[in-house]
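Asks: This is work-v2.tsv, which holds TSV, C-alpha atoms and all ligand atoms:
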```tsv
chain	number	residue	atom	x	y	z
A	1153	MET	CA	0.00	0.00	0.00
A	1154	THR	CA	1.53	3.33	-1.06
A	1155	THR	CA	-1.29	5.84	-0.59
A	1156	GLN	CA	-0.26	8.83	1.43
A	1157	SER	CA	-3.32	10.13	3.23
A	1158	PRO	CA	-3.66	13.96	3.39
A	1159	ALA	CA	-2.84	13.87	7.13
A	1160	CYS	CA	0.36	11.90	6.45
A	1161	GLN	CA	1.30	14.29	3.62
A	1162	LEU	CA	1.14	17.10	6.18
A	1163	LEU	CA	3.28	15.11	8.64
A	1164	ALA	CA	5.81	14.18	5.94
A	1165	ARG	CA	6.67	17.84	5.37
A	1166	GLN	CA	7.46	18.55	9.06
A	1167	ASP	CA	11.04	18.94	10.35
A	1168	ALA	CA	10.29	16.69	13.32
A	1169	ASP	CA	12.33	13.51	13.66
A	1170	TYR	CA	9.52	11.01	14.12
A	1171	ARG	CA	11.79	7.98	14.58
A	1172	GLY	CA	10.51	5.74	17.38
A	1173	TRP	CA	7.30	7.76	17.86
A	1174	LEU	CA	3.97	6.24	18.82
A	1175	TRP	CA	1.35	6.50	16.04
A	1176	VAL	CA	-2.13	6.51	17.52
A	1177	ALA	CA	-5.27	5.52	15.57
A	1178	PRO	CA	-3.65	6.12	12.15
A	1179	PRO	CA	-5.22	5.23	8.79
A	1180	ARG	CA	-3.68	2.54	6.57
A	1181	ASP	CA	-0.89	4.47	4.86
A	1182	GLY	CA	2.20	3.37	2.94
A	1183	TRP	CA	4.38	6.27	4.12
A	1184	LEU	CA	3.64	5.50	7.77
A	1185	GLU	CA	3.90	1.75	7.42
A	1186	SER	CA	7.30	1.95	5.72
A	1187	GLY	CA	8.66	4.21	8.48
A	1188	GLU	CA	9.58	3.54	12.10
A	1189	GLY	CA	7.82	3.46	15.43
A	1190	LEU	CA	4.96	1.75	17.22
A	1191	VAL	CA	1.25	1.79	16.54
A	1192	TRP	CA	-1.66	1.96	19.02
A	1193	SER	CA	-4.99	1.34	17.33
A	1194	ALA	CA	-8.46	-0.15	17.77
A	1195	ASP	CA	-8.40	-1.32	14.14
A	1196	LEU	CA	-7.25	-4.90	13.62
A	1197	ASP	CA	-6.43	-4.20	9.98
A	1198	VAL	CA	-3.98	-1.42	10.97
A	1199	CYS	CA	-2.36	-3.50	13.77
A	1200	ALA	CA	-1.99	-6.51	11.45
A	1201	ALA	CA	-0.28	-4.38	8.76
A	1202	TRP	CA	2.27	-3.09	11.30
A	1203	GLN	CA	2.91	-6.58	12.63
A	1204	ARG	CA	3.45	-7.86	9.06
A	1205	ALA	CA	6.08	-5.13	8.69
A	1206	GLY	CA	7.77	-6.50	11.86
A	1207	ARG	CA	6.89	-3.50	14.03
A	1208	PRO	CA	5.13	-3.40	17.42
A	1209	ALA	CA	1.37	-2.91	17.44
A	1210	TYR	CA	-0.83	-2.43	20.52
A	1211	ASP	CA	-4.57	-2.74	20.42
A	1212	ALA	CA	-6.56	0.13	21.90
A	1213	LEU	CA	-7.17	-1.54	25.26
A	1214	THR	CA	-3.51	-2.52	25.79
A	1215	PRO	CA	-1.32	0.42	26.89
A	1216	PRO	CA	1.90	0.74	24.85
A	1217	PRO	CA	5.37	1.14	26.46
A	1218	SER	CA	5.83	4.58	28.03
A	1219	GLU	CA	9.39	5.23	26.74
A	1220	VAL	CA	8.62	6.90	23.41
A	1221	PRO	CA	10.05	10.26	22.24
A	1222	GLY	CA	6.59	11.46	21.20
A	1223	ALA	CA	3.14	10.49	19.93
A	1224	VAL	CA	0.95	11.52	17.00
A	1225	LEU	CA	-2.81	11.12	17.39
A	1226	PHE	CA	-4.93	10.99	14.22
A	1227	TRP	CA	-8.12	12.76	15.30
A	1228	PRO	CA	-11.12	10.42	14.84
A	1229	LYS	CA	-14.60	11.20	13.57
A	1230	SER	CA	-15.98	10.97	17.13
A	1231	HIS	CA	-14.79	13.82	19.39
A	1232	ALA	CA	-15.62	11.70	22.44
A	1233	LEU	CA	-13.25	9.04	21.11
A	1234	GLY	CA	-10.59	11.71	20.45
A	1235	ALA	CA	-10.93	12.85	24.07
A	1236	TRP	CA	-10.63	9.22	25.20
A	1237	TRP	CA	-7.37	8.80	23.25
A	1238	VAL	CA	-5.93	12.00	24.79
A	1239	THR	CA	-6.88	10.79	28.28
A	1240	ALA	CA	-5.41	7.35	27.55
A	1241	LEU	CA	-2.18	8.96	26.22
A	1242	ASN	CA	-1.92	11.11	29.36
A	1243	ALA	CA	-2.25	7.97	31.46
A	1244	ALA	CA	0.18	5.90	29.37
A	1245	LEU	CA	3.02	8.39	28.75
A	1246	PRO	CA	5.07	10.47	31.21
A	1247	ALA	CA	3.95	14.09	31.64
A	1248	GLY	CA	5.69	16.39	29.15
A	1249	THR	CA	5.93	13.85	26.28
A	1250	PRO	CA	5.46	15.68	22.94
A	1251	LEU	CA	1.99	15.00	21.55
A	1252	GLN	CA	0.92	16.04	18.06
A	1253	ILE	CA	-2.66	15.81	16.84
A	1254	VAL	CA	-3.47	15.78	13.13
A	1255	GLY	CA	-6.68	15.51	11.14
A	1256	GLU	CA	-8.73	16.72	8.23
A	1257	ASN	CA	-10.39	20.12	8.59
A	1258	GLN	CA	-13.73	18.62	7.52
A	1259	GLY	CA	-13.30	15.88	10.13
A	1260	GLY	CA	-13.53	18.17	13.14
A	1261	ILE	CA	-9.80	18.72	13.88
A	1262	LYS	CA	-10.60	22.38	14.58
A	1263	ARG	CA	-12.42	21.31	17.74
A	1264	VAL	CA	-9.16	19.96	19.20
A	1265	PRO	CA	-8.16	23.12	21.17
A	1266	LYS	CA	-11.62	23.12	22.82
A	1267	VAL	CA	-11.50	19.42	23.63
A	1268	LEU	CA	-7.96	19.76	25.05
A	1269	ALA	CA	-8.98	22.82	27.08
A	1270	SER	CA	-11.78	20.74	28.63
A	1271	LEU	CA	-9.01	18.34	29.74
A	1272	ASP	CA	-6.91	21.29	31.11
A	1273	GLN	CA	-4.43	20.82	28.29
A	1274	ALA	CA	-2.99	23.52	26.01
A	1275	CYS	CA	-2.01	23.22	22.36
A	1276	ARG	CA	-0.77	25.39	19.49
A	1277	LYS	CA	-1.26	25.14	15.75
A	1278	LEU	CA	1.92	23.86	14.04
A	1279	ASP	CA	0.91	23.69	10.40
A	1280	THR	CA	-2.01	23.53	8.04
A	1281	ALA	CA	-2.06	22.21	4.45
A	1282	ARG	CA	-3.76	19.53	2.31
A	1283	ARG	CA	-7.05	20.49	4.01
A	1284	CYS	CA	-5.54	19.21	7.28
A	1285	THR	CA	-4.29	20.84	10.49
A	1286	LEU	CA	-1.54	19.75	12.88
A	1287	PHE	CA	-1.53	20.78	16.55
A	1288	ALA	CA	1.32	20.40	19.08
A	1289	SER	CA	0.77	19.71	22.76
A	1290	ARG	CA	2.40	17.74	25.58
A	1291	THR	CA	0.98	15.02	27.75
A	1292	VAL	CA	-0.02	16.25	31.19
A	1293	GLY	CA	-0.02	13.00	33.15
A	1294	SER	CA	-3.42	12.27	34.55
A	1295	ALA	CA	-5.35	10.45	37.17
A	1296	ARG	CA	-8.47	10.61	34.97
A	1297	ASP	CA	-10.05	7.21	34.53
A	1298	SER	CA	-10.21	6.47	30.79
A	1299	ASP	CA	-12.63	3.63	31.67
A	1300	ALA	CA	-15.20	6.14	32.95
A	1301	VAL	CA	-16.45	6.81	29.40
A	1302	TRP	CA	-18.19	3.42	29.11
A	1303	GLN	CA	-21.94	4.06	28.80
A	1304	THR	CA	-24.82	1.79	29.71
A	1305	PHE	CA	-28.24	2.11	28.07
A	1306	THR	CA	-31.24	-0.11	27.51
A	1307	ALA	CA	-33.01	-1.11	24.30
A	1308	GLU	CA	-35.26	-4.01	23.30
A	1309	GLY	CA	-35.18	-5.28	26.89
A	1310	LEU	CA	-31.39	-5.55	26.86
A	1311	THR	CA	-28.69	-3.73	28.78
A	1312	LEU	CA	-26.15	-2.43	26.27
A	1313	GLU	CA	-22.60	-1.32	27.03
A	1314	SER	CA	-20.95	1.13	24.70
A	1315	HIS	CA	-17.72	3.10	24.26
A	1316	PRO	CA	-17.02	6.22	22.17
A	1317	GLY	CA	-16.23	5.14	18.62
A	1318	VAL	CA	-18.50	2.07	18.77
A	1319	PHE	CA	-21.26	2.23	16.14
A	1320	GLY	CA	-24.35	4.14	17.26
A	1321	HIS	CA	-22.69	4.87	20.62
A	1322	GLY	CA	-25.39	5.01	23.26
A	1323	LYS	CA	-28.47	4.46	21.08
A	1324	LEU	CA	-30.08	1.72	19.04
A	1325	ASP	CA	-29.66	2.16	15.28
A	1326	ASP	CA	-32.95	2.36	13.30
A	1327	GLY	CA	-31.71	-0.32	10.87
A	1328	THR	CA	-30.84	-2.66	13.73
A	1329	ARG	CA	-34.28	-2.04	15.27
A	1330	LEU	CA	-35.95	-3.06	11.98
A	1331	LEU	CA	-33.72	-6.15	11.76
A	1332	LEU	CA	-34.69	-7.24	15.30
A	1333	LYS	CA	-38.39	-6.72	14.50
A	1334	ALA	CA	-38.04	-8.82	11.33
A	1335	LEU	CA	-36.16	-11.55	13.22
A	1336	ALA	CA	-38.95	-11.69	15.81
A	1337	GLN	CA	-41.64	-11.89	13.08
A	1338	SER	CA	-39.77	-14.34	10.82
A	1339	PRO	CA	-37.78	-16.62	13.14
A	1340	LEU	CA	-34.56	-18.01	11.78
A	1341	PRO	CA	-35.20	-21.27	9.94
A	1342	ALA	CA	-32.91	-23.81	11.49
A	1343	ARG	CA	-32.91	-27.52	12.19
A	1344	GLY	CA	-31.32	-29.49	14.98
A	1345	LYS	CA	-29.39	-28.38	18.02
A	1346	PRO	CA	-27.23	-26.65	19.00
A	1347	LEU	CA	-28.15	-23.63	16.94
A	1348	ARG	CA	-25.07	-21.60	16.21
A	1349	ALA	CA	-25.46	-17.97	15.19
A	1350	LEU	CA	-22.76	-15.60	13.95
A	1351	ASP	CA	-23.05	-11.82	14.36
A	1352	VAL	CA	-20.70	-10.09	11.88
A	1353	GLY	CA	-19.80	-6.50	12.84
A	1354	CYS	CA	-21.20	-6.86	16.37
A	1355	GLY	CA	-20.69	-3.23	17.55
A	1356	ASP	CA	-22.08	-2.93	21.07
A	1357	GLY	CA	-23.38	-6.51	20.88
A	1358	VAL	CA	-27.10	-5.79	20.62
A	1359	LEU	CA	-27.72	-8.50	17.98
A	1360	SER	CA	-25.49	-11.00	19.80
A	1361	ALA	CA	-27.31	-10.45	23.08
A	1362	TRP	CA	-30.71	-10.74	21.39
A	1363	LEU	CA	-29.68	-14.00	19.69
A	1364	ALA	CA	-28.15	-15.41	22.88
A	1365	LYS	CA	-31.40	-14.58	24.70
A	1366	GLN	CA	-33.28	-16.67	22.07
A	1367	GLY	CA	-31.03	-19.61	22.96
A	1368	TYR	CA	-28.50	-19.41	20.15
A	1369	GLN	CA	-24.85	-20.27	20.74
A	1370	VAL	CA	-23.44	-16.94	19.64
A	1371	THR	CA	-20.15	-16.08	18.02
A	1372	ALA	CA	-19.58	-12.36	17.41
A	1373	VAL	CA	-16.87	-10.66	15.37
A	1374	ASP	CA	-15.82	-7.07	14.83
A	1375	LEU	CA	-12.72	-5.40	13.39
A	1376	ASN	CA	-12.74	-2.83	16.17
A	1377	ALA	CA	-11.24	-3.56	19.61
A	1378	PHE	CA	-13.71	-1.27	21.43
A	1379	ALA	CA	-16.64	-3.10	19.79
A	1380	VAL	CA	-15.23	-6.49	20.81
A	1381	GLU	CA	-14.94	-5.30	24.42
A	1382	ALA	CA	-18.40	-3.67	24.28
A	1383	THR	CA	-20.00	-6.93	23.09
A	1384	ARG	CA	-18.25	-8.90	25.85
A	1385	ARG	CA	-19.54	-6.38	28.42
A	1386	THR	CA	-23.07	-6.40	26.92
A	1387	LEU	CA	-23.29	-10.21	27.07
A	1388	ALA	CA	-22.03	-10.20	30.67
A	1389	ALA	CA	-24.42	-7.38	31.67
A	1390	ASN	CA	-27.34	-9.56	30.49
A	1391	GLN	CA	-25.99	-12.75	32.11
A	1392	LEU	CA	-25.52	-14.22	28.64
A	1393	THR	CA	-22.55	-15.99	27.10
A	1394	GLY	CA	-20.92	-16.02	23.69
A	1395	THR	CA	-17.57	-16.08	21.92
A	1396	VAL	CA	-16.37	-12.64	20.83
A	1397	ILE	CA	-13.44	-12.38	18.43
A	1398	GLN	CA	-11.63	-9.44	16.82
A	1399	SER	CA	-11.73	-10.39	13.15
A	1400	ASP	CA	-11.90	-8.90	9.68
A	1401	VAL	CA	-15.28	-10.39	8.64
A	1402	TYR	CA	-14.71	-14.21	8.63
A	1403	ARG	CA	-10.89	-14.18	8.64
A	1404	GLN	CA	-10.30	-15.44	12.22
A	1405	LEU	CA	-13.25	-17.88	12.18
A	1406	GLU	CA	-13.53	-21.60	11.85
A	1407	GLY	CA	-16.59	-23.81	11.48
A	1408	THR	CA	-20.09	-23.32	10.14
A	1409	PHE	CA	-23.25	-21.74	11.51
A	1410	GLU	CA	-27.01	-22.25	11.26
A	1411	ALA	CA	-27.48	-18.50	10.99
A	1412	ILE	CA	-25.47	-15.39	10.16
A	1413	VAL	CA	-27.00	-12.08	11.20
A	1414	SER	CA	-25.58	-8.65	10.47
A	1415	ASN	CA	-26.03	-4.94	10.14
A	1416	PRO	CA	-22.96	-4.75	7.88
A	1417	PRO	CA	-20.54	-1.84	7.79
A	1418	PHE	CA	-20.25	0.30	4.70
A	1419	HIS	CA	-18.10	3.12	6.12
A	1420	GLN	CA	-14.50	3.24	7.22
A	1421	GLU	CA	-14.28	6.43	9.32
A	1422	ARG	CA	-15.75	8.93	6.80
A	1423	ALA	CA	-15.10	7.03	3.57
A	1424	ILE	CA	-17.62	4.65	1.98
A	1425	ASP	CA	-16.18	1.13	1.79
A	1426	TYR	CA	-18.37	-1.69	0.45
A	1427	GLY	CA	-15.52	-4.24	0.72
A	1428	PRO	CA	-16.41	-5.89	4.07
A	1429	ALA	CA	-20.16	-6.10	3.24
A	1430	GLU	CA	-19.42	-7.64	-0.14
A	1431	ARG	CA	-17.11	-10.25	1.45
A	1432	LEU	CA	-19.71	-10.91	4.16
A	1433	ILE	CA	-22.29	-11.82	1.49
A	1434	ARG	CA	-20.01	-13.50	-1.07
A	1435	GLU	CA	-18.33	-15.79	1.49
A	1436	ALA	CA	-21.45	-16.46	3.63
A	1437	PRO	CA	-22.39	-19.79	1.98
A	1438	ALA	CA	-18.98	-21.22	2.93
A	1439	HIS	CA	-19.74	-20.45	6.59
A	1440	LEU	CA	-23.31	-21.80	6.66
A	1441	VAL	CA	-24.65	-25.32	7.00
A	1442	GLY	CA	-27.10	-26.46	4.30
A	1443	GLY	CA	-30.43	-24.72	5.03
A	1444	GLY	CA	-28.61	-22.07	7.08
A	1445	SER	CA	-29.55	-18.43	6.61
A	1446	LEU	CA	-27.98	-15.03	6.19
A	1447	THR	CA	-30.23	-12.24	7.48
A	1448	LEU	CA	-29.04	-8.67	7.15
A	1449	VAL	CA	-30.29	-5.12	7.17
A	1450	ALA	CA	-29.10	-2.41	4.80
A	1451	ASN	CA	-29.93	1.06	3.59
A	1452	ALA	CA	-32.32	0.53	0.70
A	1453	PHE	CA	-29.91	2.15	-1.80
A	1454	LEU	CA	-27.05	-0.30	-1.21
A	1455	PRO	CA	-26.33	-2.86	-3.97
A	1456	TYR	CA	-26.83	-5.95	-1.77
A	1457	PRO	CA	-29.54	-7.67	-3.88
A	1458	GLU	CA	-27.14	-8.40	-6.74
A	1459	TRP	CA	-24.48	-9.76	-4.35
A	1460	LEU	CA	-27.11	-11.91	-2.56
A	1461	ARG	CA	-28.34	-13.29	-5.90
A	1462	ALA	CA	-24.76	-14.06	-6.98
A	1463	ALA	CA	-23.91	-15.83	-3.70
A	1464	PHE	CA	-27.21	-17.64	-2.95
A	1465	GLY	CA	-29.16	-17.63	-6.24
A	1466	ASP	CA	-32.18	-16.09	-4.48
A	1467	PHE	CA	-33.26	-14.09	-1.43
A	1468	GLU	CA	-36.37	-12.57	0.14
A	1469	VAL	CA	-37.11	-9.14	1.60
A	1470	LEU	CA	-38.42	-9.61	5.15
A	1471	ALA	CA	-39.03	-5.92	5.87
A	1472	ASP	CA	-38.81	-2.61	4.06
A	1473	ASP	CA	-39.53	0.75	5.68
A	1474	ARG	CA	-38.22	2.66	2.60
A	1475	ARG	CA	-35.06	3.68	4.45
A	1476	PHE	CA	-33.89	0.19	5.39
A	1477	ARG	CA	-34.49	-3.26	4.00
A	1478	VAL	CA	-34.05	-6.61	5.76
A	1479	TYR	CA	-32.89	-9.39	3.43
A	1480	ARG	CA	-32.77	-13.13	4.04
A	1481	ALA	CA	-31.02	-15.71	1.88
A	1482	ILE	CA	-30.91	-19.45	2.54
A	1483	LYS	CA	-28.10	-21.80	1.58
A	1484	ALA	CA	-29.47	-24.68	-0.49
A	1485	TRP	CA	-29.41	-28.25	0.91
A	1486	ARG	CA	-27.11	-30.44	-1.17
B	1501	LIG	C1	-23.38	-0.88	11.12
B	1501	LIG	S1	-22.36	-1.37	12.47
B	1501	LIG	C2	-23.41	-2.56	13.28
B	1501	LIG	C3	-23.12	-2.72	14.75
B	1501	LIG	C4	-24.12	-3.57	15.54
B	1501	LIG	N1	-24.21	-4.91	15.00
B	1501	LIG	C5	-25.48	-2.91	15.52
B	1501	LIG	O1	-26.37	-3.45	14.84
B	1501	LIG	O2	-25.67	-1.87	16.16
B	1501	LIG	C6	-21.13	-2.31	11.64
B	1501	LIG	C7	-20.00	-2.85	12.51
B	1501	LIG	O3	-19.06	-3.52	11.65
B	1501	LIG	C8	-17.75	-3.33	12.16
B	1501	LIG	N2	-16.79	-3.55	11.06
B	1501	LIG	C9	-16.29	-2.66	10.16
B	1501	LIG	N3	-15.46	-3.27	9.31
B	1501	LIG	C10	-15.43	-4.58	9.66
B	1501	LIG	C11	-14.73	-5.71	9.17
B	1501	LIG	N4	-13.92	-5.62	8.11
B	1501	LIG	N5	-14.90	-6.90	9.80
B	1501	LIG	C12	-15.73	-6.99	10.88
B	1501	LIG	N6	-16.42	-5.95	11.39
B	1501	LIG	C13	-16.27	-4.76	10.79
B	1501	LIG	C14	-17.77	-1.91	12.70
B	1501	LIG	O4	-16.73	-1.73	13.65
B	1501	LIG	C15	-19.17	-1.83	13.30
B	1501	LIG	O5	-19.17	-2.20	14.66
```
What would the structure in this file look like if it were written as structure tokens?

Replies:
Amino acid sequence: MTTQSPACQLLARQDADYRGWLWVAPPRDGWLESGEGLVWSADLDVCAAWQRAGRPAYDALTPPPSEVPGAVLFWPKSHALGAWWVTALNAALPAGTPLQIVGENQGGIKRVPKVLASLDQACRKLDTARRCTLFASRTVGSARDSDAVWQTFTAEGLTLESHPGVFGHGKLDDGTRLLLKALAQSPLPARGKPLRALDVGCGDGVLSAWLAKQGYQVTAVDLNAFAVEATRRTLAANQLTGTVIQSDVYRQLEGTFEAIVSNPPFHQERAIDYGPAERLIREAPAHLVGGGSLTLVANAFLPYPEWLRAAFGDFEVLADDRRFRVYRAIKAWR
């Protein structure tokens, strides 16, 4: 991968010697990945790329070593998540460690001084170009509890645990609500026991918890480390069990399932990315038993019908409220 994201183009023109620095929540980027240093990220895809390049990668919930000359935080779409990363950096690194924060102007980077001020932390603008801005600050050391941002809310009779950056943070998505209604009205066709269900892109675990409550043996996967932890906490908060794995769609999975259920992703941060949803549908038959089903919800404009037809031959629409559609496809018995 050679793409240099606009934020990395801005960093590449700085005088700073970034050797050995900690890169926090970066995008996939060839310039970064061919350089030096450590990465700290919630994104399995990013961590795996750094590990393939033989460099240390720490997932979001594992603090990195504290002896780094500096850190660069790529400001995320969610300001609450940005604030969490700053708090986590203050806790992980000694006070006074150089901290730079970079992001696209359209992505809310201009709110950084305000967010830092709310954490009693100063910053100054270092540079602006490529529709991006770079701020410089220093870690302040902190006794703030970065765990305090976990939120609990209730929906569909379930207790849900969520973290900034997890899809829908703190509220039930309308598409997910329609999917749950359709699942209740058109129960999953399945034979025999145990009934194994897979939730792809589990987010805060709402679908996993609902399925586990119906008696399914649930496996849940998500690319994002916060989502994996949120789903584990949601299952525990409802006295339910399941296996939760950080995985890029099916990559870390073995075995087959009676049912796959999903509200698939089609965004990566701000960019539209149909790749994971297409793989979810195309590879679903290989992960289903004969007669097993894939049930998913999608914005009505997304091109899922043609992928479902290509993978399964046929499908039905279980619900359609004009905004969202719930599709079900069944793997043929052989
Ligand atoms: C639309 S959200 C659905 C979340 C949750 N199931 C719900 O209904 O509220 C899609 C989820 O897919 C996850 N995701 C994105 N790319 C993925 C990938 N390549 N593999 C697995 N999960 C992915 C996102 O982190 C996000 O949690």

Asks: Distance table requested - chain A against ligand LIG 1501 (chain B), cut-off 9 Å, all atoms listed in the file: one row per qualifying residue with the closest atom pair and its distance in Å to one decimal, ordered by chain and rising residue number, as JSON lines.

Replies:
```
{"residue": "A:Asp1195", "atom": "CA", "partner": "B:LIG1501", "partner_atom": "O4", "distance": 8.4}
{"residue": "A:Leu1196", "atom": "CA", "partner": "B:LIG1501", "partner_atom": "N4", "distance": 8.7}
{"residue": "A:Asp1197", "atom": "CA", "partner": "B:LIG1501", "partner_atom": "N4", "distance": 7.8}
{"residue": "A:Gly1317", "atom": "CA", "partner": "B:LIG1501", "partner_atom": "O4", "distance": 8.5}
{"residue": "A:Val1318", "atom": "CA", "partner": "B:LIG1501", "partner_atom": "O5", "distance": 6.0}
{"residue": "A:Phe1319", "atom": "CA", "partner": "B:LIG1501", "partner_atom": "O5", "distance": 5.1}
{"residue": "A:Gly1320", "atom": "CA", "partner": "B:LIG1501", "partner_atom": "O2", "distance": 6.3}
{"residue": "A:His1321", "atom": "CA", "partner": "B:LIG1501", "partner_atom": "O2", "distance": 8.6}
{"residue": "A:Lys1323", "atom": "CA", "partner": "B:LIG1501", "partner_atom": "O2", "distance": 8.5}
{"residue": "A:Leu1324", "atom": "CA", "partner": "B:LIG1501", "partner_atom": "O2", "distance": 6.4}
{"residue": "A:Asp1325", "atom": "CA", "partner": "B:LIG1501", "partner_atom": "O2", "distance": 5.7}
{"residue": "A:Asp1326", "atom": "CA", "partner": "B:LIG1501", "partner_atom": "O2", "distance": 8.9}
{"residue": "A:Gly1327", "atom": "CA", "partner": "B:LIG1501", "partner_atom": "O1", "distance": 7.4}
{"residue": "A:Thr1328", "atom": "CA", "partner": "B:LIG1501", "partner_atom": "O1", "distance": 4.7}
{"residue": "A:Arg1329", "atom": "CA", "partner": "B:LIG1501", "partner_atom": "O1", "distance": 8.0}
{"residue": "A:Leu1331", "atom": "CA", "partner": "B:LIG1501", "partner_atom": "O1", "distance": 8.4}
{"residue": "A:Asp1351", "atom": "CA", "partner": "B:LIG1501", "partner_atom": "N1", "distance": 7.0}
{"residue": "A:Val1352", "atom": "CA", "partner": "B:LIG1501", "partner_atom": "C12", "distance": 5.9}
{"residue": "A:Gly1353", "atom": "CA", "partner": "B:LIG1501", "partner_atom": "O3", "distance": 3.3}
{"residue": "A:Cys1354", "atom": "CA", "partner": "B:LIG1501", "partner_atom": "N1", "distance": 3.8}
{"residue": "A:Gly1355", "atom": "CA", "partner": "B:LIG1501", "partner_atom": "O5", "distance": 3.4}
{"residue": "A:Asp1356", "atom": "CA", "partner": "B:LIG1501", "partner_atom": "C4", "distance": 5.9}
{"residue": "A:Gly1357", "atom": "CA", "partner": "B:LIG1501", "partner_atom": "C4", "distance": 6.1}
{"residue": "A:Val1358", "atom": "CA", "partner": "B:LIG1501", "partner_atom": "C5", "distance": 6.1}
{"residue": "A:Leu1359", "atom": "CA", "partner": "B:LIG1501", "partner_atom": "N1", "distance": 5.8}
{"residue": "A:Ser1360", "atom": "CA", "partner": "B:LIG1501", "partner_atom": "N1", "distance": 7.9}
{"residue": "A:Val1373", "atom": "CA", "partner": "B:LIG1501", "partner_atom": "C12", "distance": 5.9}
{"residue": "A:Asp1374", "atom": "CA", "partner": "B:LIG1501", "partner_atom": "N6", "distance": 3.7}
{"residue": "A:Leu1375", "atom": "CA", "partner": "B:LIG1501", "partner_atom": "C12", "distance": 4.2}
{"residue": "A:Asn1376", "atom": "CA", "partner": "B:LIG1501", "partner_atom": "O4", "distance": 4.8}
{"residue": "A:Ala1377", "atom": "CA", "partner": "B:LIG1501", "partner_atom": "O4", "distance": 8.3}
{"residue": "A:Phe1378", "atom": "CA", "partner": "B:LIG1501", "partner_atom": "O4", "distance": 8.4}
{"residue": "A:Ala1379", "atom": "CA", "partner": "B:LIG1501", "partner_atom": "O5", "distance": 5.8}
{"residue": "A:Val1380", "atom": "CA", "partner": "B:LIG1501", "partner_atom": "O5", "distance": 8.5}
{"residue": "A:Gln1398", "atom": "CA", "partner": "B:LIG1501", "partner_atom": "C12", "distance": 7.6}
{"residue": "A:Ser1399", "atom": "CA", "partner": "B:LIG1501", "partner_atom": "C12", "distance": 5.7}
{"residue": "A:Asp1400", "atom": "CA", "partner": "B:LIG1501", "partner_atom": "N5", "distance": 3.6}
{"residue": "A:Val1401", "atom": "CA", "partner": "B:LIG1501", "partner_atom": "N5", "distance": 3.7}
{"residue": "A:Tyr1402", "atom": "CA", "partner": "B:LIG1501", "partner_atom": "N5", "distance": 7.4}
{"residue": "A:Arg1403", "atom": "CA", "partner": "B:LIG1501", "partner_atom": "N5", "distance": 8.4}
{"residue": "A:Val1413", "atom": "CA", "partner": "B:LIG1501", "partner_atom": "N1", "distance": 8.6}
{"residue": "A:Ser1414", "atom": "CA", "partner": "B:LIG1501", "partner_atom": "N1", "distance": 6.0}
{"residue": "A:Asn1415", "atom": "CA", "partner": "B:LIG1501", "partner_atom": "C2", "distance": 4.7}
{"residue": "A:Pro1416", "atom": "CA", "partner": "B:LIG1501", "partner_atom": "C6", "distance": 4.8}
{"residue": "A:Pro1417", "atom": "CA", "partner": "B:LIG1501", "partner_atom": "C6", "distance": 3.9}
{"residue": "A:Phe1418", "atom": "CA", "partner": "B:LIG1501", "partner_atom": "C1", "distance": 7.2}
{"residue": "A:His1419", "atom": "CA", "partner": "B:LIG1501", "partner_atom": "C9", "distance": 7.3}
{"residue": "A:Gln1420", "atom": "CA", "partner": "B:LIG1501", "partner_atom": "C9", "distance": 6.8}
{"residue": "A:Asp1425", "atom": "CA", "partner": "B:LIG1501", "partner_atom": "N3", "distance": 8.7}
{"residue": "A:Gly1427", "atom": "CA", "partner": "B:LIG1501", "partner_atom": "N4", "distance": 7.7}
{"residue": "A:Pro1428", "atom": "CA", "partner": "B:LIG1501", "partner_atom": "N4", "distance": 4.8}
{"residue": "A:Ala1429", "atom": "CA", "partner": "B:LIG1501", "partner_atom": "N4", "distance": 7.9}
{"residue": "A:Arg1431", "atom": "CA", "partner": "B:LIG1501", "partner_atom": "N4", "distance": 8.7}
{"residue": "A:Leu1432", "atom": "CA", "partner": "B:LIG1501", "partner_atom": "N5", "distance": 8.4}
{"residue": "A:Val1449", "atom": "CA", "partner": "B:LIG1501", "partner_atom": "O1", "distance": 8.8}
{"residue": "A:Ala1450", "atom": "CA", "partner": "B:LIG1501", "partner_atom": "C1", "distance": 8.7}
```

Asks: Given the choices A:Ala1205, A:Phe1453, A:Cys1160, A:Lys1333, which gets closest to Phe1476 in chain A if the distance is worked out from only C-alpha atoms?

Replies: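 Going through A:Ala1205, A:Phe1453, A:Cys1160, A:Lys1333 one by one, the smallest distance to Phe1476 in chain A is for A:Phe1453.
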
Asks: Just want the 10 Å neighbourhood of range 1256-1260 of chain A, counted on all atoms listed in the file, with same-chain residues fewer than 6 positions away dropped. Output as a CSV table (one decimal) with C-alpha atoms, in the frame of the given file.

Replies:
```csv
chain,number,residue,atom,x,y,z
A,1157,SER,CA,-3.3,10.1,3.2
A,1158,PRO,CA,-3.7,14.0,3.4
A,1159,ALA,CA,-2.8,13.9,7.1
A,1226,PHE,CA,-4.9,11.0,14.2
A,1227,TRP,CA,-8.1,12.8,15.3
A,1228,PRO,CA,-11.1,10.4,14.8
A,1229,LYS,CA,-14.6,11.2,13.6
A,1230,SER,CA,-16.0,11.0,17.1
A,1231,HIS,CA,-14.8,13.8,19.4
A,1280,THR,CA,-2.0,23.5,8.0
A,1281,ALA,CA,-2.1,22.2,4.4
A,1282,ARG,CA,-3.8,19.5,2.3
A,1283,ARG,CA,-7.0,20.5,4.0
A,1284,CYS,CA,-5.5,19.2,7.3
A,1285,THR,CA,-4.3,20.8,10.5
A,1286,LEU,CA,-1.5,19.8,12.9
A,1421,GLU,CA,-14.3,6.4,9.3
A,1422,ARG,CA,-15.8,8.9,6.8
```
